[in-house]
$ cat input.csv   # CSV, C-alpha atoms
chain,number,residue,atom,x,y,z
A,13,MET,CA,-29.0,-35.2,49.3
A,14,GLY,CA,-30.6,-32.6,51.5
A,15,ARG,CA,-33.5,-30.4,50.8
A,16,TYR,CA,-32.7,-30.0,47.2
A,17,PHE,CA,-31.6,-32.7,44.7
A,18,ASP,CA,-28.9,-30.5,43.3
A,19,ASP,CA,-27.9,-26.9,42.8
A,20,LEU,CA,-29.8,-26.7,39.5
A,21,GLU,CA,-33.0,-26.3,41.4
A,22,THR,CA,-32.1,-22.9,42.8
A,23,ARG,CA,-30.4,-21.3,39.8
A,24,THR,CA,-31.3,-17.7,38.9
A,25,HIS,CA,-33.3,-17.0,35.8
A,26,THR,CA,-30.2,-15.7,34.1
A,27,GLU,CA,-28.1,-18.8,35.0
A,28,ARG,CA,-30.9,-21.0,33.6
A,29,GLN,CA,-31.1,-19.0,30.4
A,30,GLU,CA,-27.3,-19.1,29.9
A,31,ALA,CA,-27.3,-22.9,30.3
A,32,LEU,CA,-30.2,-23.2,27.9
A,33,ALA,CA,-28.3,-21.2,25.3
A,34,LYS,CA,-25.5,-23.8,25.5
A,35,GLU,CA,-27.5,-27.0,25.8
A,36,LEU,CA,-30.3,-26.3,23.3
A,37,PRO,CA,-28.1,-26.0,20.2
A,38,ARG,CA,-26.3,-29.2,21.1
A,39,GLN,CA,-29.6,-31.1,21.4
A,40,ILE,CA,-30.9,-29.7,18.2
A,41,ALA,CA,-27.7,-30.7,16.4
A,42,ARG,CA,-28.1,-34.3,17.8
A,43,ALA,CA,-31.7,-34.4,16.6
A,44,LYS,CA,-30.8,-33.1,13.1
A,45,SER,CA,-28.3,-36.0,12.7
A,46,LEU,CA,-31.1,-38.5,13.3
A,47,ALA,CA,-33.2,-40.1,10.6
A,48,GLY,CA,-36.4,-39.2,12.4
A,49,TYR,CA,-35.7,-35.5,12.0
A,50,ALA,CA,-33.8,-35.5,8.7
A,51,LEU,CA,-36.6,-34.1,6.6
A,52,SER,CA,-38.2,-31.6,8.9
A,53,TYR,CA,-34.8,-30.2,10.1
A,54,SER,CA,-33.0,-30.1,6.8
A,55,GLY,CA,-32.8,-26.3,6.6
A,56,ILE,CA,-32.2,-25.6,10.4
A,57,ASP,CA,-29.0,-24.2,11.8
A,58,PRO,CA,-28.7,-25.6,15.4
A,59,THR,CA,-26.4,-22.8,16.5
A,60,GLU,CA,-29.2,-20.3,16.0
A,61,ILE,CA,-31.6,-22.1,18.4
A,62,GLN,CA,-30.5,-20.7,21.7
A,63,SER,CA,-33.7,-19.4,23.3
A,64,LEU,CA,-37.4,-20.3,23.8
A,65,GLU,CA,-38.3,-17.8,21.1
A,66,LYS,CA,-36.1,-19.5,18.5
A,67,LEU,CA,-37.2,-23.0,19.7
A,68,ALA,CA,-40.8,-21.9,19.0
A,69,THR,CA,-39.9,-21.7,15.3
A,70,LEU,CA,-39.3,-25.4,15.0
A,71,PRO,CA,-42.0,-27.9,14.1
A,72,VAL,CA,-44.0,-29.7,16.7
A,73,LEU,CA,-43.5,-33.5,16.9
A,74,ARG,CA,-46.6,-35.5,17.7
A,75,LYS,CA,-46.9,-39.0,19.0
A,76,SER,CA,-48.7,-40.1,15.9
A,77,GLU,CA,-45.5,-39.3,14.0
A,78,LEU,CA,-43.5,-41.6,16.2
A,79,VAL,CA,-46.0,-44.4,15.7
A,80,THR,CA,-45.9,-43.9,11.9
A,81,ALA,CA,-42.1,-43.8,11.8
A,82,GLN,CA,-41.6,-47.0,13.9
A,83,THR,CA,-41.1,-50.0,11.7
A,84,ALA,CA,-39.7,-53.5,12.1
A,85,ALA,CA,-36.4,-52.3,10.7
A,86,ASN,CA,-36.4,-49.2,12.8
A,87,PRO,CA,-38.5,-49.8,15.9
A,88,LEU,CA,-37.8,-46.4,17.5
A,89,GLY,CA,-38.5,-44.5,14.3
A,90,GLY,CA,-35.1,-43.0,13.9
A,91,PHE,CA,-35.5,-40.7,16.9
A,92,ASN,CA,-32.9,-42.5,19.1
A,93,ALA,CA,-29.3,-41.4,19.3
A,94,ARG,CA,-28.1,-44.8,20.4
A,95,PRO,CA,-28.8,-48.2,18.8
A,96,LEU,CA,-31.7,-50.1,20.3
A,97,HIS,CA,-29.4,-52.8,21.8
A,98,ASP,CA,-27.4,-50.1,23.7
A,99,PHE,CA,-30.4,-49.2,25.9
A,100,ALA,CA,-31.1,-51.0,29.1
A,101,HIS,CA,-34.8,-51.4,28.4
A,102,VAL,CA,-37.3,-51.1,25.6
A,103,PHE,CA,-41.0,-50.8,26.4
A,104,GLN,CA,-44.3,-51.2,24.6
A,105,SER,CA,-47.1,-48.8,25.4
A,106,PRO,CA,-50.6,-48.8,23.9
A,107,GLY,CA,-50.6,-47.9,20.3
A,108,PRO,CA,-48.5,-49.9,20.1
A,109,ILE,CA,-45.5,-47.6,20.4
A,110,TYR,CA,-42.1,-48.5,21.6
A,111,GLU,CA,-39.9,-46.4,24.0
A,112,PRO,CA,-36.3,-46.8,25.1
A,113,GLY,CA,-35.1,-46.6,28.7
A,114,GLY,CA,-31.8,-46.3,30.5
A,115,ALA,CA,-30.8,-47.7,33.9
A,116,THR,CA,-27.7,-45.6,34.7
A,117,GLY,CA,-27.9,-42.3,36.6
A,118,ASP,CA,-31.2,-40.6,36.9
A,119,TRP,CA,-32.1,-41.4,33.3
A,120,TRP,CA,-35.8,-40.7,33.7
A,121,ARG,CA,-35.2,-37.7,36.1
A,122,MET,CA,-37.5,-39.1,38.7
A,123,GLY,CA,-35.0,-38.8,41.5
A,124,ARG,CA,-35.6,-35.1,41.7
A,125,PHE,CA,-39.3,-35.7,42.4
A,126,LEU,CA,-38.7,-38.4,45.0
A,127,ASN,CA,-36.2,-36.2,46.8
A,128,ALA,CA,-38.9,-33.5,46.9
A,129,CYS,CA,-41.1,-36.1,48.5
A,130,GLY,CA,-38.5,-36.6,51.2
A,131,ILE,CA,-37.7,-40.1,50.0
A,132,GLY,CA,-34.0,-41.1,50.3
A,133,HIS,CA,-31.6,-43.5,52.0
A,134,GLY,CA,-33.3,-45.4,54.7
A,135,ASP,CA,-36.7,-45.5,53.0
A,136,ILE,CA,-38.2,-48.7,51.6
A,137,VAL,CA,-40.4,-47.8,48.6
A,138,GLN,CA,-43.3,-50.1,47.7
A,139,ASN,CA,-43.4,-49.5,44.0
A,140,CYS,CA,-46.9,-50.3,42.8
A,141,PHE,CA,-46.5,-49.0,39.3
A,142,GLY,CA,-46.6,-51.7,36.6
A,143,TYR,CA,-43.5,-53.5,35.4
A,144,HIS,CA,-45.1,-55.4,32.5
A,145,LEU,CA,-44.2,-54.0,29.1
A,146,THR,CA,-45.0,-50.3,30.0
A,147,PRO,CA,-42.2,-48.3,31.7
A,148,ALA,CA,-43.8,-46.7,34.8
A,149,GLY,CA,-42.4,-49.3,37.3
A,150,VAL,CA,-38.9,-49.0,36.0
A,151,ILE,CA,-39.2,-45.2,35.8
A,152,PHE,CA,-39.9,-44.9,39.5
A,153,GLU,CA,-37.4,-47.6,40.4
A,154,ASN,CA,-34.7,-45.7,38.6
A,155,GLY,CA,-35.6,-42.6,40.6
A,156,ALA,CA,-35.5,-44.5,43.8
A,157,ARG,CA,-32.0,-45.7,43.0
A,158,ALA,CA,-31.0,-42.1,42.3
A,159,VAL,CA,-31.9,-41.2,45.9
A,160,ASN,CA,-30.5,-44.4,47.4
A,161,ALA,CA,-33.8,-45.8,48.6
A,162,THR,CA,-34.6,-49.5,48.7
A,163,VAL,CA,-37.4,-50.8,46.4
A,164,LEU,CA,-40.0,-53.5,46.7
A,165,PRO,CA,-41.1,-54.0,43.1
A,166,ALA,CA,-44.7,-54.7,44.0
A,167,GLY,CA,-46.8,-53.8,40.9
A,168,THR,CA,-50.5,-54.0,41.4
A,169,GLY,CA,-52.9,-56.7,42.5
A,170,GLN,CA,-52.7,-59.3,45.3
A,171,THR,CA,-53.6,-56.6,47.8
A,172,GLU,CA,-53.4,-58.9,50.9
A,173,LEU,CA,-49.8,-59.8,49.9
A,174,GLN,CA,-49.1,-56.1,49.4
A,175,VAL,CA,-50.1,-55.5,53.0
A,176,GLN,CA,-48.2,-58.4,54.4
A,177,ALA,CA,-45.0,-57.3,52.5
A,178,ALA,CA,-45.4,-53.7,53.7
A,179,GLN,CA,-45.8,-54.8,57.3
A,180,ALA,CA,-42.9,-57.4,57.2
A,181,LEU,CA,-40.4,-55.0,55.5
A,182,GLY,CA,-41.5,-51.9,57.2
A,183,THR,CA,-42.3,-50.0,54.0
A,184,THR,CA,-42.1,-46.3,54.6
A,185,ALA,CA,-43.0,-44.9,51.1
A,186,TYR,CA,-45.5,-45.7,48.4
A,187,ALA,CA,-45.1,-45.1,44.7
A,188,GLY,CA,-48.0,-45.7,42.4
A,189,THR,CA,-51.3,-44.3,41.1
A,190,PRO,CA,-53.1,-42.0,43.6
A,191,ASP,CA,-56.0,-44.3,44.3
A,192,TYR,CA,-54.2,-47.6,44.7
A,193,LEU,CA,-52.6,-46.6,48.0
A,194,LYS,CA,-56.1,-46.3,49.5
A,195,VAL,CA,-56.9,-49.8,48.4
A,196,ILE,CA,-53.8,-51.0,50.3
A,197,LEU,CA,-54.6,-48.9,53.4
A,198,ASP,CA,-58.2,-50.1,53.4
A,199,LYS,CA,-57.1,-53.7,53.1
A,200,ALA,CA,-54.7,-53.2,56.0
A,201,ASP,CA,-57.5,-51.8,58.1
A,202,ALA,CA,-59.6,-54.8,57.3
A,203,MET,CA,-56.8,-57.1,58.3
A,204,GLY,CA,-56.1,-55.2,61.5
A,205,VAL,CA,-52.6,-54.4,60.3
A,206,SER,CA,-50.7,-51.1,61.1
A,207,LEU,CA,-48.4,-49.9,58.3
A,208,LYS,CA,-45.5,-47.4,58.5
A,209,ILE,CA,-46.1,-45.6,55.2
A,210,SER,CA,-45.6,-41.9,55.7
A,211,LYS,CA,-44.6,-40.7,52.2
A,212,ALA,CA,-46.3,-41.2,48.8
A,213,ALA,CA,-45.1,-40.3,45.3
A,214,VAL,CA,-48.0,-40.6,42.9
A,215,GLY,CA,-48.7,-40.1,39.2
A,216,GLY,CA,-50.6,-41.6,36.3
A,217,GLY,CA,-54.0,-40.3,37.5
A,218,ALA,CA,-55.8,-37.4,39.2
A,219,LEU,CA,-54.9,-36.8,42.8
A,220,PHE,CA,-58.2,-35.3,44.1
A,221,PRO,CA,-58.0,-32.9,47.1
A,222,SER,CA,-60.3,-35.1,49.2
A,223,LEU,CA,-58.0,-38.1,48.6
A,224,ARG,CA,-54.9,-36.1,49.4
A,225,GLN,CA,-56.6,-35.0,52.6
A,226,GLU,CA,-57.5,-38.5,53.6
A,227,TYR,CA,-53.9,-39.5,53.2
A,228,ALA,CA,-52.8,-36.5,55.3
A,229,ASP,CA,-55.3,-37.5,58.0
A,230,ARG,CA,-53.5,-40.9,58.1
A,231,GLY,CA,-50.1,-39.1,58.5
A,232,ILE,CA,-49.0,-39.6,54.8
A,233,ASN,CA,-47.6,-36.7,52.8
A,234,CYS,CA,-48.7,-37.3,49.3
A,235,LEU,CA,-47.2,-35.4,46.3
A,236,GLN,CA,-47.7,-35.9,42.6
A,237,CYS,CA,-45.7,-35.6,39.4
A,238,TYR,CA,-46.4,-35.2,35.8
A,239,ALA,CA,-44.5,-37.7,33.6
A,240,THR,CA,-45.0,-39.6,30.4
A,241,ALA,CA,-43.5,-42.9,29.0
A,242,ASP,CA,-41.8,-40.9,26.2
A,243,LEU,CA,-40.3,-38.1,28.2
A,244,GLY,CA,-40.0,-39.3,31.8
A,245,ASN,CA,-40.5,-36.7,34.5
A,246,ILE,CA,-41.7,-33.3,33.2
A,247,ALA,CA,-42.8,-31.5,36.4
A,248,TYR,CA,-43.4,-32.3,40.1
A,249,GLU,CA,-44.8,-31.0,43.3
A,250,SER,CA,-42.9,-30.0,46.3
A,251,ASP,CA,-44.1,-29.6,49.9
A,252,ALA,CA,-45.4,-26.1,49.0
A,253,LYS,CA,-48.1,-27.9,46.9
A,254,GLU,CA,-48.4,-24.8,44.7
A,255,GLY,CA,-48.4,-26.0,41.1
A,256,MET,CA,-45.8,-28.3,39.6
A,257,ILE,CA,-42.1,-27.3,39.2
A,258,ILE,CA,-40.7,-28.0,35.7
A,259,ASP,CA,-37.8,-30.5,35.8
A,260,GLU,CA,-34.3,-29.0,35.1
A,261,HIS,CA,-33.6,-31.1,32.0
A,262,VAL,CA,-36.7,-30.4,30.0
A,263,ILE,CA,-38.1,-27.3,28.4
A,264,VAL,CA,-41.9,-26.8,28.6
A,265,GLU,CA,-43.9,-24.6,26.3
A,266,ILE,CA,-47.7,-24.0,26.4
A,267,VAL,CA,-49.1,-23.6,22.9
A,268,THR,CA,-52.4,-23.1,21.3
A,269,PRO,CA,-53.9,-26.6,20.7
A,270,GLY,CA,-53.2,-28.0,17.3
A,271,THR,CA,-50.4,-25.5,16.6
A,272,GLY,CA,-46.9,-24.7,17.8
A,273,THR,CA,-47.7,-21.1,18.7
A,274,PRO,CA,-47.0,-20.2,22.3
A,275,VAL,CA,-50.0,-18.8,24.2
A,276,LYS,CA,-49.9,-15.6,26.3
A,277,PRO,CA,-48.5,-16.1,29.8
A,278,GLY,CA,-51.2,-17.7,32.1
A,279,GLU,CA,-53.4,-18.9,29.2
A,280,VAL,CA,-54.3,-22.6,29.1
A,281,GLY,CA,-52.9,-24.5,26.2
A,282,GLU,CA,-51.2,-27.7,25.1
A,283,VAL,CA,-48.0,-28.8,26.8
A,284,VAL,CA,-45.1,-29.2,24.4
A,285,VAL,CA,-41.9,-30.6,25.9
A,286,THR,CA,-38.3,-30.5,24.6
A,287,SER,CA,-36.1,-33.2,26.4
A,288,LEU,CA,-32.4,-32.6,26.9
A,289,ASN,CA,-31.8,-36.3,27.2
A,290,PRO,CA,-28.9,-36.9,24.7
A,291,ASP,CA,-29.9,-40.6,24.2
A,292,TYR,CA,-33.4,-39.9,23.0
A,293,PRO,CA,-33.9,-36.3,21.8
A,294,LEU,CA,-37.5,-35.4,21.6
A,295,ILE,CA,-37.8,-31.8,20.4
A,296,ARG,CA,-41.1,-29.9,20.8
A,297,PHE,CA,-42.9,-33.1,21.6
A,298,ALA,CA,-46.7,-32.5,21.9
A,299,THR,CA,-48.1,-34.3,25.0
A,300,GLY,CA,-51.7,-33.8,24.1
A,301,ASP,CA,-52.3,-32.5,27.7
A,302,LEU,CA,-53.6,-29.0,28.7
A,303,SER,CA,-52.0,-26.9,31.3
A,304,ALA,CA,-50.9,-23.3,32.0
A,305,VAL,CA,-47.9,-21.5,33.5
A,306,LEU,CA,-48.3,-20.4,37.1
A,307,PRO,CA,-46.7,-17.0,37.7
A,308,GLY,CA,-44.0,-16.6,40.3
A,309,GLU,CA,-41.6,-19.0,42.0
A,310,SER,CA,-42.4,-21.8,44.5
A,311,PRO,CA,-42.2,-20.9,48.2
A,312,CYS,CA,-40.1,-24.0,48.6
A,313,GLY,CA,-37.1,-22.2,47.1
A,314,ARG,CA,-37.0,-23.9,43.8
A,315,THR,CA,-36.8,-21.3,41.1
A,316,ASN,CA,-37.8,-23.0,37.9
A,317,THR,CA,-41.1,-22.2,36.1
A,318,ARG,CA,-44.2,-23.8,37.5
A,319,ILE,CA,-47.3,-25.2,35.6
A,320,LYS,CA,-50.7,-25.7,37.1
A,321,GLY,CA,-50.7,-29.4,36.5
A,322,TRP,CA,-52.9,-31.5,34.2
A,323,MET,CA,-56.0,-29.6,33.0
A,324,GLY,CA,-57.5,-31.9,30.4
A,325,ARG,CA,-56.7,-33.1,26.9
A,326,ALA,CA,-55.8,-30.9,24.0
A,327,ASP,CA,-56.9,-33.3,21.3
A,328,GLN,CA,-60.4,-32.0,20.9
A,329,THR,CA,-61.1,-33.2,17.4
A,330,ALA,CA,-64.9,-33.6,16.8
A,331,LYS,CA,-66.9,-35.0,14.0
A,332,ILE,CA,-69.7,-32.5,13.1
A,333,LYS,CA,-72.2,-33.2,10.3
A,334,GLY,CA,-69.9,-36.1,9.3
A,335,MET,CA,-66.8,-33.9,9.0
A,336,LEU,CA,-63.8,-33.8,11.3
A,337,VAL,CA,-63.1,-30.4,12.8
A,338,ARG,CA,-59.6,-30.2,14.3
A,339,PRO,CA,-57.9,-27.7,16.7
A,340,GLU,CA,-55.4,-26.7,14.0
A,341,GLN,CA,-58.3,-25.6,11.7
A,342,VAL,CA,-59.6,-23.4,14.5
A,343,ALA,CA,-56.2,-21.8,14.8
A,344,ALA,CA,-56.0,-21.3,11.1
A,345,LEU,CA,-59.4,-19.5,11.2
A,346,VAL,CA,-58.1,-17.1,13.8
A,347,ALA,CA,-54.9,-16.5,11.8
A,348,ASN,CA,-57.1,-15.5,8.8
A,349,HIS,CA,-58.4,-12.5,10.6
A,350,ASP,CA,-56.3,-9.8,12.3
A,351,ASP,CA,-59.3,-8.6,14.3
A,352,VAL,CA,-60.0,-12.0,15.9
A,353,GLN,CA,-58.1,-12.9,19.1
A,354,ARG,CA,-59.5,-16.3,19.8
A,355,ALA,CA,-62.2,-18.7,18.6
A,356,ARG,CA,-64.2,-21.5,20.0
A,357,VAL,CA,-66.3,-24.1,18.0
A,358,ILE,CA,-69.3,-25.5,19.9
A,359,ALA,CA,-71.1,-28.6,18.6
A,360,THR,CA,-74.7,-29.1,19.7
A,361,ARG,CA,-77.8,-31.0,18.5
A,362,GLU,CA,-81.1,-29.6,17.5
A,363,GLY,CA,-83.6,-32.4,16.9
A,364,GLN,CA,-81.6,-35.0,15.0
A,365,MET,CA,-79.2,-32.5,13.4
A,366,ASP,CA,-75.7,-31.4,14.4
A,367,VAL,CA,-75.3,-27.6,14.8
A,368,MET,CA,-71.9,-25.9,14.7
A,369,THR,CA,-71.6,-22.5,16.4
A,370,VAL,CA,-68.3,-20.5,16.0
A,371,GLN,CA,-67.7,-18.0,18.8
A,372,LEU,CA,-65.2,-15.3,17.8
A,373,GLU,CA,-63.4,-12.8,20.1
A,374,THR,CA,-63.5,-9.6,18.1
A,375,SER,CA,-64.5,-5.9,18.3
A,376,SER,CA,-66.3,-6.3,14.9
A,377,ASP,CA,-70.1,-6.3,14.8
A,378,SER,CA,-70.4,-8.0,11.4
A,379,GLU,CA,-71.1,-11.7,11.6
A,380,GLU,CA,-71.4,-12.0,7.8
A,381,ARG,CA,-67.8,-11.1,7.1
A,382,TYR,CA,-66.6,-14.4,8.7
A,383,LEU,CA,-69.1,-16.8,7.1
A,384,ASP,CA,-67.1,-17.6,4.0
A,385,SER,CA,-63.8,-18.0,5.9
A,386,ILE,CA,-65.5,-20.4,8.3
A,387,ALA,CA,-66.9,-22.5,5.5
A,388,SER,CA,-63.5,-22.5,3.7
A,389,VAL,CA,-61.3,-23.3,6.7
A,390,LEU,CA,-63.6,-25.6,8.7
A,391,LYS,CA,-65.2,-27.1,5.6
A,392,LEU,CA,-68.6,-26.6,7.2
A,393,LYS,CA,-71.2,-23.8,7.4
A,394,GLY,CA,-72.0,-22.7,10.9
A,395,ARG,CA,-73.5,-20.0,13.0
A,396,VAL,CA,-71.4,-17.1,14.2
A,397,GLU,CA,-71.4,-15.5,17.6
A,398,LEU,CA,-69.3,-12.4,18.2
A,399,VAL,CA,-68.1,-12.0,21.7
A,400,ALA,CA,-66.0,-9.3,23.4
A,401,PRO,CA,-62.2,-9.7,23.4
A,402,ASP,CA,-60.9,-11.7,26.4
A,403,SER,CA,-64.3,-13.0,27.2
A,404,LEU,CA,-63.9,-16.7,26.2
A,405,PRO,CA,-63.0,-19.0,29.1
A,406,ASN,CA,-59.3,-19.5,29.7
A,407,ASP,CA,-59.5,-23.3,29.7
A,408,GLY,CA,-57.6,-24.3,26.5
A,409,ILE,CA,-60.8,-25.6,24.9
A,410,VAL,CA,-61.1,-24.6,21.2
A,411,ILE,CA,-63.7,-27.3,20.2
A,412,GLU,CA,-66.4,-27.9,22.8
A,413,ASP,CA,-68.7,-30.9,22.1
A,414,GLN,CA,-72.0,-30.3,24.0
A,415,ARG,CA,-73.9,-33.0,22.2
A,416,LYS,CA,-75.8,-35.7,24.2
A,417,TYR,CA,-77.2,-38.8,22.6
A,418,ASP,CA,-79.3,-40.1,25.4

$ encode --input "input.csv" --output "structure tokens"
Amino acid sequence: MGRYFDDLETRTHTERQEALAKELPRQIARAKSLAGYALSYSGIDPTEIQSLEKLATLPVLRKSELVTAQTAANPLGGFNARPLHDFAHVFQSPGPIYEPGGATGDWWRMGRFLNACGIGHGDIVQNCFGYHLTPAGVIFENGARAVNATVLPAGTGQTELQVQAAQALGTTAYAGTPDYLKVILDKADAMGVSLKISKAAVGGGALFPSLRQEYADRGINCLQCYATADLGNIAYESDAKEGMIIDEHVIVEIVTPGTGTPVKPGEVGEVVVTSLNPDYPLIRFATGDLSAVLPGESPCGRTNTRIKGWMGRADQTAKIKGMLVRPEQVAALVANHDDVQRARVIATREGQMDVMTVQLETSSDSEERYLDSIASVLKLKGRVELVAPDSLPNDGIVIEDQRKYD
């Protein structure tokens, strides 16, 4: 493999768009033939979905819908293009929710990330992701096979044995959560053992700059990816460490939380992913995570779009005065007024009472004109604060809960 996993990573924008125009209709056609999409896709012509703009007209699929659709008779909810018994694995994640998995090729698309980490033939990867029920361990093992690396399926726990195995086998790379590598290294120090780990591929948690620097000081290059149990790898870091590069076999949109409406370039919103995996087509799957597109291309030479990485959760539903207020209601409030650009609901406490304040980005100077709409759409009466256009924080938050109950 060399510097790049394949030629797809350095395609021009035009080449990538041309490929999308061919692959996307095929994936939509697969989805339309499945029971899970039958109702919501009944009037859709897959041949017309050839661009991001057309893709944005399709409904968003949320994890709660997968959970609801999964039954004893149909454990994958009708979103699988192959029978359950044709998959190499099936996993159970918290919910519970079941996900399929393949073992051939780079099914989870993790090889691209490991290659970017410099991991390949000759490396021994200590895989400290879990192998029990959930898919992370298998996801990274599948990626290691794609780059011809050898795997020690270590999981977590028994740290002293982890150190002994790493020393005995000459482990050169670590895969796992960002913080568990430090546990192993600290135990090795306590045991007086020197390890050969120089590469780390991490995910499943925040990689804080101070921790990355600590690893760098130990001679370990640590890069992170953004992946989920449903989708596999979505985006990954390269040595440039400037944002995360979107994988070549997924399509990422950033939308206003609670909706399927794409935000303006650079704005923070919810990550919605379309997977081009023919075995398990997930179309406009809402991850519930916040991020934003990072302009420009990576200095490493990979040309796909970059995102800023994980920036919080999009599910900001809050109960105010006994009523649930959801992001989609805030979006509906904005849609009701042509003169409102964005809105932010803030929940606070005064004495023992909840207070709801609705901030609206508008040039209007009349708070009263919005009161009835707020009560109708949010099902609550609240205060109104008019703020200048483009003055609300670009953080993806539409419902901010400031209440403290100390």

$ residues_around --input "input.csv" --residues "segment 226-239 of chain A" --least-positions-apart "4" --cutoff "10 Å" --atoms "all atoms listed in the file" --output "count of residues only"
52

$ closest_residue --input "input.csv" --among "A:Ala387, A:Ala178, A:Met368, A:Ala241" --to "Gln414 of chain A" --atoms "all atoms listed in the file"
A:Met368

$ atom_distance --input "input.csv" --atom1 "atom CA of Gly55 of chain A" --atom2 "atom CA of Pro37 of chain A"
14.4 Å

$ residues_around --input "input.csv" --residues "Val337 of chain A" --least-positions-apart "6" --cutoff "12 Å" --atoms "only C-alpha atoms" --output "PyMOL selection string"
chain A and resi 270+327-331+343-345+356-359+368+370+386-387+389-394+410-413

$ closest_residue --input "input.csv" --among "A:Ala85, A:Ala304, A:Met203, A:Val283" --to "Lys320 of chain A" --atoms "only C-alpha atoms"
A:Ala304

$ atom_distance --input "input.csv" --atom1 "atom CA of Pro269 of chain A" --atom2 "atom CA of Phe220 of chain A"
25.3 Å

$ residues_near_point --input "input.csv" --point "(-38.9, -47.5, 36.4)" --cutoff "10 Å" --atoms "only C-alpha atoms" --output "PyMOL selection string"
chain A and resi 101+113-115+119-120+122+139+141-143+146-157+165+241+244

$ write_last_selection --input "input.csv" --atoms "C-alpha atoms" --output "short mmCIF file (atom, residue, chain, number, x, y, z; two decimals), keeping the file's coordinate frame"
data_model
loop_
_atom_site.label_atom_id
_atom_site.label_comp_id
_atom_site.auth_asym_id
_atom_site.auth_seq_id
_atom_site.Cartn_x
_atom_site.Cartn_y
_atom_site.Cartn_z
CA HIS A 101 -34.80 -51.40 28.40
CA GLY A 113 -35.10 -46.60 28.70
CA GLY A 114 -31.80 -46.30 30.50
CA ALA A 115 -30.80 -47.70 33.90
CA TRP A 119 -32.10 -41.40 33.30
CA TRP A 120 -35.80 -40.70 33.70
CA MET A 122 -37.50 -39.10 38.70
CA ASN A 139 -43.40 -49.50 44.00
CA PHE A 141 -46.50 -49.00 39.30
CA GLY A 142 -46.60 -51.70 36.60
CA TYR A 143 -43.50 -53.50 35.40
CA THR A 146 -45.00 -50.30 30.00
CA PRO A 147 -42.20 -48.30 31.70
CA ALA A 148 -43.80 -46.70 34.80
CA GLY A 149 -42.40 -49.30 37.30
CA VAL A 150 -38.90 -49.00 36.00
CA ILE A 151 -39.20 -45.20 35.80
CA PHE A 152 -39.90 -44.90 39.50
CA GLU A 153 -37.40 -47.60 40.40
CA ASN A 154 -34.70 -45.70 38.60
CA GLY A 155 -35.60 -42.60 40.60
CA ALA A 156 -35.50 -44.50 43.80
CA ARG A 157 -32.00 -45.70 43.00
CA PRO A 165 -41.10 -54.00 43.10
CA ALA A 241 -43.50 -42.90 29.00
CA GLY A 244 -40.00 -39.30 31.80
#

$ decode --input "input.csv" --residues "segment 213-225 of chain A" --atoms "N, CA and C atoms" --output "PDB file, in the first residue's frame"
ATOM      1  N   ALA A 213      -3.934   3.942  16.749  1.00  0.00           N
ATOM      2  CA  ALA A 213      -5.175   4.247  16.020  1.00  0.00           C
ATOM      3  C   ALA A 213      -6.303   4.202  17.032  1.00  0.00           C
ATOM      4  N   VAL A 214      -6.878   5.348  17.339  1.00  0.00           N
ATOM      5  CA  VAL A 214      -7.838   5.400  18.446  1.00  0.00           C
ATOM      6  C   VAL A 214      -9.200   5.898  17.979  1.00  0.00           C
ATOM      7  N   GLY A 215     -10.203   5.613  18.799  1.00  0.00           N
ATOM      8  CA  GLY A 215     -11.570   6.046  18.539  1.00  0.00           C
ATOM      9  C   GLY A 215     -12.418   5.729  19.754  1.00  0.00           C
ATOM     10  N   GLY A 216     -13.694   6.067  19.658  1.00  0.00           N
ATOM     11  CA  GLY A 216     -14.609   5.737  20.740  1.00  0.00           C
ATOM     12  C   GLY A 216     -14.549   6.674  21.932  1.00  0.00           C
ATOM     13  N   GLY A 217     -13.833   7.765  21.826  1.00  0.00           N
ATOM     14  CA  GLY A 217     -13.720   8.721  22.929  1.00  0.00           C
ATOM     15  C   GLY A 217     -12.903   9.912  22.486  1.00  0.00           C
ATOM     16  N   ALA A 218     -12.853  10.923  23.336  1.00  0.00           N
ATOM     17  CA  ALA A 218     -12.144  12.156  22.994  1.00  0.00           C
ATOM     18  C   ALA A 218     -10.642  11.980  23.141  1.00  0.00           C
ATOM     19  N   LEU A 219      -9.901  12.400  22.121  1.00  0.00           N
ATOM     20  CA  LEU A 219      -8.440  12.443  22.200  1.00  0.00           C
ATOM     21  C   LEU A 219      -8.051  13.883  22.528  1.00  0.00           C
ATOM     22  N   PHE A 220      -7.793  14.135  23.797  1.00  0.00           N
ATOM     23  CA  PHE A 220      -7.467  15.487  24.220  1.00  0.00           C
ATOM     24  C   PHE A 220      -6.045  15.851  23.776  1.00  0.00           C
ATOM     25  N   PRO A 221      -5.812  17.104  23.407  1.00  0.00           N
ATOM     26  CA  PRO A 221      -4.479  17.510  22.932  1.00  0.00           C
ATOM     27  C   PRO A 221      -3.361  17.170  23.904  1.00  0.00           C
ATOM     28  N   SER A 222      -3.617  17.296  25.209  1.00  0.00           N
ATOM     29  CA  SER A 222      -2.570  16.996  26.188  1.00  0.00           C
ATOM     30  C   SER A 222      -2.193  15.527  26.167  1.00  0.00           C
ATOM     31  N   LEU A 223      -3.206  14.650  25.932  1.00  0.00           N
ATOM     32  CA  LEU A 223      -2.933  13.217  25.882  1.00  0.00           C
ATOM     33  C   LEU A 223      -2.181  12.875  24.597  1.00  0.00           C
ATOM     34  N   ARG A 224      -2.585  13.470  23.485  1.00  0.00           N
ATOM     35  CA  ARG A 224      -1.861  13.233  22.234  1.00  0.00           C
ATOM     36  C   ARG A 224      -0.408  13.659  22.374  1.00  0.00           C
ATOM     37  N   GLN A 225      -0.184  14.792  23.049  1.00  0.00           N
ATOM     38  CA  GLN A 225       1.179  15.271  23.233  1.00  0.00           C
ATOM     39  C   GLN A 225       1.979  14.338  24.125  1.00  0.00           C
TER      40      GLN A 225
END
